[in-house]
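S.K.: Quick one: this structure, given as structure tokens, is what I'll be asking you about.
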Amino acid sequence: MTRTDRQLTRPACDKVLLSDWDAQVGAAGPGVRGDFHASPGALALDCTGRVATKFVAGQAGIVLVPDPASLGALPERGWEHLLATQRARAAALGLPLDWELDERFPDRLPNRLAAAGFRERRPVTVLLGSAGHAAAGRGDDLPPGIRVQADSTDYAAVRDLARTVRGGDWSWLPDALAHWVRDDRAPCTVVTARTPRGRLVAAAWVRFHPGTPFASLWGGATAPAWRGRGLYRALVRLRAALAADRGHRLLYTEAMGSSRPVLCRGGFGPVRVLVPYRYCPPGR
């Protein structure tokens, strides 16, 4: 076990590394994430000094808060104006809007959002892991004939798989993946698993964050008939190996309940819980 692996088993060190992520990568905004296509299709970007609200065609809008602690100083009328403005913009565009809260936000914010019509959704766990440790996992547990490879450009097939597995539109995803692959700020590689006949049965992607020790893992959709057969683990291993080859020793990811156990068995540790709150305009 390397020094980084040992660090990731200690809560205090986990928090230090999470602070590094927040400062070195998270502060760059949604453009370096792998779940929000921040460019070039922006419909609206509203800034109030403490908060920016961004909408993109085909996706829920997101609320960007560079300094969550600063929201504690916002007066009551300021909150009323901010949330009313956000709801009005979401309604005008016909798109939902998401806040994502964590331990850095004021304690009263969940109640304010609920009173304004935002509804709590399933929490998401942030995990950190060692790229070297994750890349060194077993590689002999795939079904016969399955091919796992990097640098896929069949973005439409990845979109179709996401629709099948997760529901929703996902029409934005092919353009997003093509954009991220060319984005020097945080280059992207798409990895896939295919049957011997070439059918896509699992897909995911990784973004590399130059000048930092981090790479981030996104996606991770597996066709229902192929779940529980090692494909997700294989895609994690491959992305970890790609990150390690580029000199990124730490991995960041956000996981729902189904993937968290697999990641924890691979050496990842939970460091934060994100609680989404969504406003859906009438008729959505």
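Numbering starts fresh at 1 for the residues of each chain in the structure tokens, the chains themselves are lettered A, B, ... in the order given, and ligands are numbered from 1 as they appear.
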If you run DSSP on this backbone, which residues of segment 62-115 of chain A come out as strand (DSSP E), and could you give them as number ranges by chain?

M.R.: A: 62-64, 97-101

S.K.: Output the selection as a compact mmCIF listing (two decimals), in the first residue's frame - N, CA and C atoms for each residue.

M.R.:
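Below you can see selection.txt, which holds the result:
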```
# COMPACT_ATOMS: atom_id res chain seq x y z
N ILE A 62 -28.35 24.36 -13.06
CA ILE A 62 -27.61 24.15 -11.83
C ILE A 62 -27.28 25.49 -11.19
N VAL A 63 -27.15 25.45 -9.88
CA VAL A 63 -26.79 26.62 -9.09
C VAL A 63 -25.33 26.49 -8.70
N LEU A 64 -24.53 27.51 -9.02
CA LEU A 64 -23.11 27.50 -8.74
C LEU A 64 -22.83 28.46 -7.59
N LEU A 97 -34.52 23.06 -12.09
CA LEU A 97 -33.33 23.71 -11.55
C LEU A 97 -32.89 22.99 -10.29
N ASP A 98 -31.59 22.72 -10.17
CA ASP A 98 -31.05 21.97 -9.05
C ASP A 98 -30.11 22.79 -8.19
N TRP A 99 -30.31 22.75 -6.89
CA TRP A 99 -29.29 23.09 -5.90
C TRP A 99 -28.69 21.77 -5.41
N GLU A 100 -27.40 21.78 -5.09
CA GLU A 100 -26.76 20.62 -4.47
C GLU A 100 -26.09 21.09 -3.19
N LEU A 101 -26.58 20.60 -2.05
CA LEU A 101 -26.10 21.07 -0.77
C LEU A 101 -25.14 20.05 -0.15
```

S.K.: With only C-alpha atoms counted and 10 Å as the cut-off, give the residues of segment 119-149 of chain A in contact with segment 185-207 of chain A, each with its shortest interatomic distance in Å and the pair that gives it, as JSON lines.

M.R.:
```
{"residue": "A:Leu142", "atom": "CA", "partner": "A:Ala193", "partner_atom": "CA", "distance": 9.9}
{"residue": "A:Pro143", "atom": "CA", "partner": "A:Thr195", "partner_atom": "CA", "distance": 9.2}
{"residue": "A:Pro144", "atom": "CA", "partner": "A:Pro196", "partner_atom": "CA", "distance": 8.7}
{"residue": "A:Gly145", "atom": "CA", "partner": "A:Pro196", "partner_atom": "CA", "distance": 5.3}
{"residue": "A:Ile146", "atom": "CA", "partner": "A:Thr195", "partner_atom": "CA", "distance": 4.9}
{"residue": "A:Arg147", "atom": "CA", "partner": "A:Arg194", "partner_atom": "CA", "distance": 5.3}
{"residue": "A:Val148", "atom": "CA", "partner": "A:Ala193", "partner_atom": "CA", "distance": 4.4}
{"residue": "A:Gln149", "atom": "CA", "partner": "A:Val191", "partner_atom": "CA", "distance": 5.6}
```

S.K.: Enumerate as a VMD selection string all residues of segment 80-228 of chain A assigned to alpha helix (DSSP H) by DSSP on the backbone, naming them with the chain letters and numbers the document uses.

M.R.: chain A and resid 80 to 93 109 to 115 131 to 135 155 to 166 173 to 182

S.K.: Please dump the current selection as a JSON list (two decimals), in the first residue's frame; keep C-alpha atoms.

M.R.:
```json
[["chain", "number", "residue", "atom", "x", "y", "z"],
["A", 80, "GLU", "CA", -36.74, 35.74, -1.30],
["A", 81, "HIS", "CA", -35.53, 37.68, -4.35],
["A", 82, "LEU", "CA", -32.89, 35.09, -5.29],
["A", 83, "LEU", "CA", -35.20, 32.08, -5.16],
["A", 84, "ALA", "CA", -38.11, 33.89, -6.83],
["A", 85, "THR", "CA", -35.79, 34.96, -9.66],
["A", 86, "GLN", "CA", -34.50, 31.40, -10.08],
["A", 87, "ARG", "CA", -38.01, 29.95, -10.18],
["A", 88, "ALA", "CA", -39.14, 32.54, -12.72],
["A", 89, "ARG", "CA", -36.18, 31.84, -15.01],
["A", 90, "ALA", "CA", -36.69, 28.08, -14.77],
["A", 91, "ALA", "CA", -40.38, 28.52, -15.62],
["A", 92, "ALA", "CA", -39.60, 30.78, -18.59],
["A", 93, "LEU", "CA", -37.20, 28.18, -20.00],
["A", 109, "LEU", "CA", -30.94, 26.54, 3.50],
["A", 110, "PRO", "CA", -32.81, 23.19, 3.14],
["A", 111, "ASN", "CA", -35.86, 24.72, 4.83],
["A", 112, "ARG", "CA", -35.67, 27.81, 2.62],
["A", 113, "LEU", "CA", -35.50, 25.68, -0.52],
["A", 114, "ALA", "CA", -38.39, 23.47, 0.61],
["A", 115, "ALA", "CA", -40.52, 26.55, 1.31],
["A", 131, "ALA", "CA", -5.58, 5.66, -8.95],
["A", 132, "GLY", "CA", -2.76, 3.19, -8.44],
["A", 133, "HIS", "CA", -4.77, 1.06, -6.05],
["A", 134, "ALA", "CA", -7.90, 1.06, -8.22],
["A", 135, "ALA", "CA", -5.91, 0.21, -11.36],
["A", 155, "TYR", "CA", -21.03, 8.97, -28.54],
["A", 156, "ALA", "CA", -24.53, 8.35, -29.89],
["A", 157, "ALA", "CA", -24.39, 4.76, -28.63],
["A", 158, "VAL", "CA", -23.28, 6.01, -25.20],
["A", 159, "ARG", "CA", -26.26, 8.38, -25.19],
["A", 160, "ASP", "CA", -28.65, 5.56, -26.11],
["A", 161, "LEU", "CA", -27.27, 3.37, -23.32],
["A", 162, "ALA", "CA", -27.70, 6.20, -20.80],
["A", 163, "ARG", "CA", -31.32, 6.59, -21.90],
["A", 164, "THR", "CA", -31.95, 2.87, -21.45],
["A", 165, "VAL", "CA", -30.26, 2.64, -18.06],
["A", 166, "ARG", "CA", -31.16, 5.95, -16.44],
["A", 173, "LEU", "CA", -24.40, 13.95, -24.19],
["A", 174, "PRO", "CA", -22.82, 13.29, -27.65],
["A", 175, "ASP", "CA", -21.91, 16.97, -28.11],
["A", 176, "ALA", "CA", -20.70, 17.14, -24.51],
["A", 177, "LEU", "CA", -18.40, 14.14, -24.88],
["A", 178, "ALA", "CA", -16.98, 15.45, -28.17],
["A", 179, "HIS", "CA", -16.37, 18.83, -26.53],
["A", 180, "TRP", "CA", -14.75, 17.36, -23.41],
["A", 181, "VAL", "CA", -12.39, 15.14, -25.41],
["A", 182, "ARG", "CA", -11.00, 18.28, -27.08]]
```

S.K.: Between A:Ala69, A:Met256, A:Val236, A:Leu127, which has the minimum distance to Arg104 of chain A (counting only C-alpha atoms)?

M.R.: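 Smallest separation from Arg104 of chain A among the options: A:Ala69.
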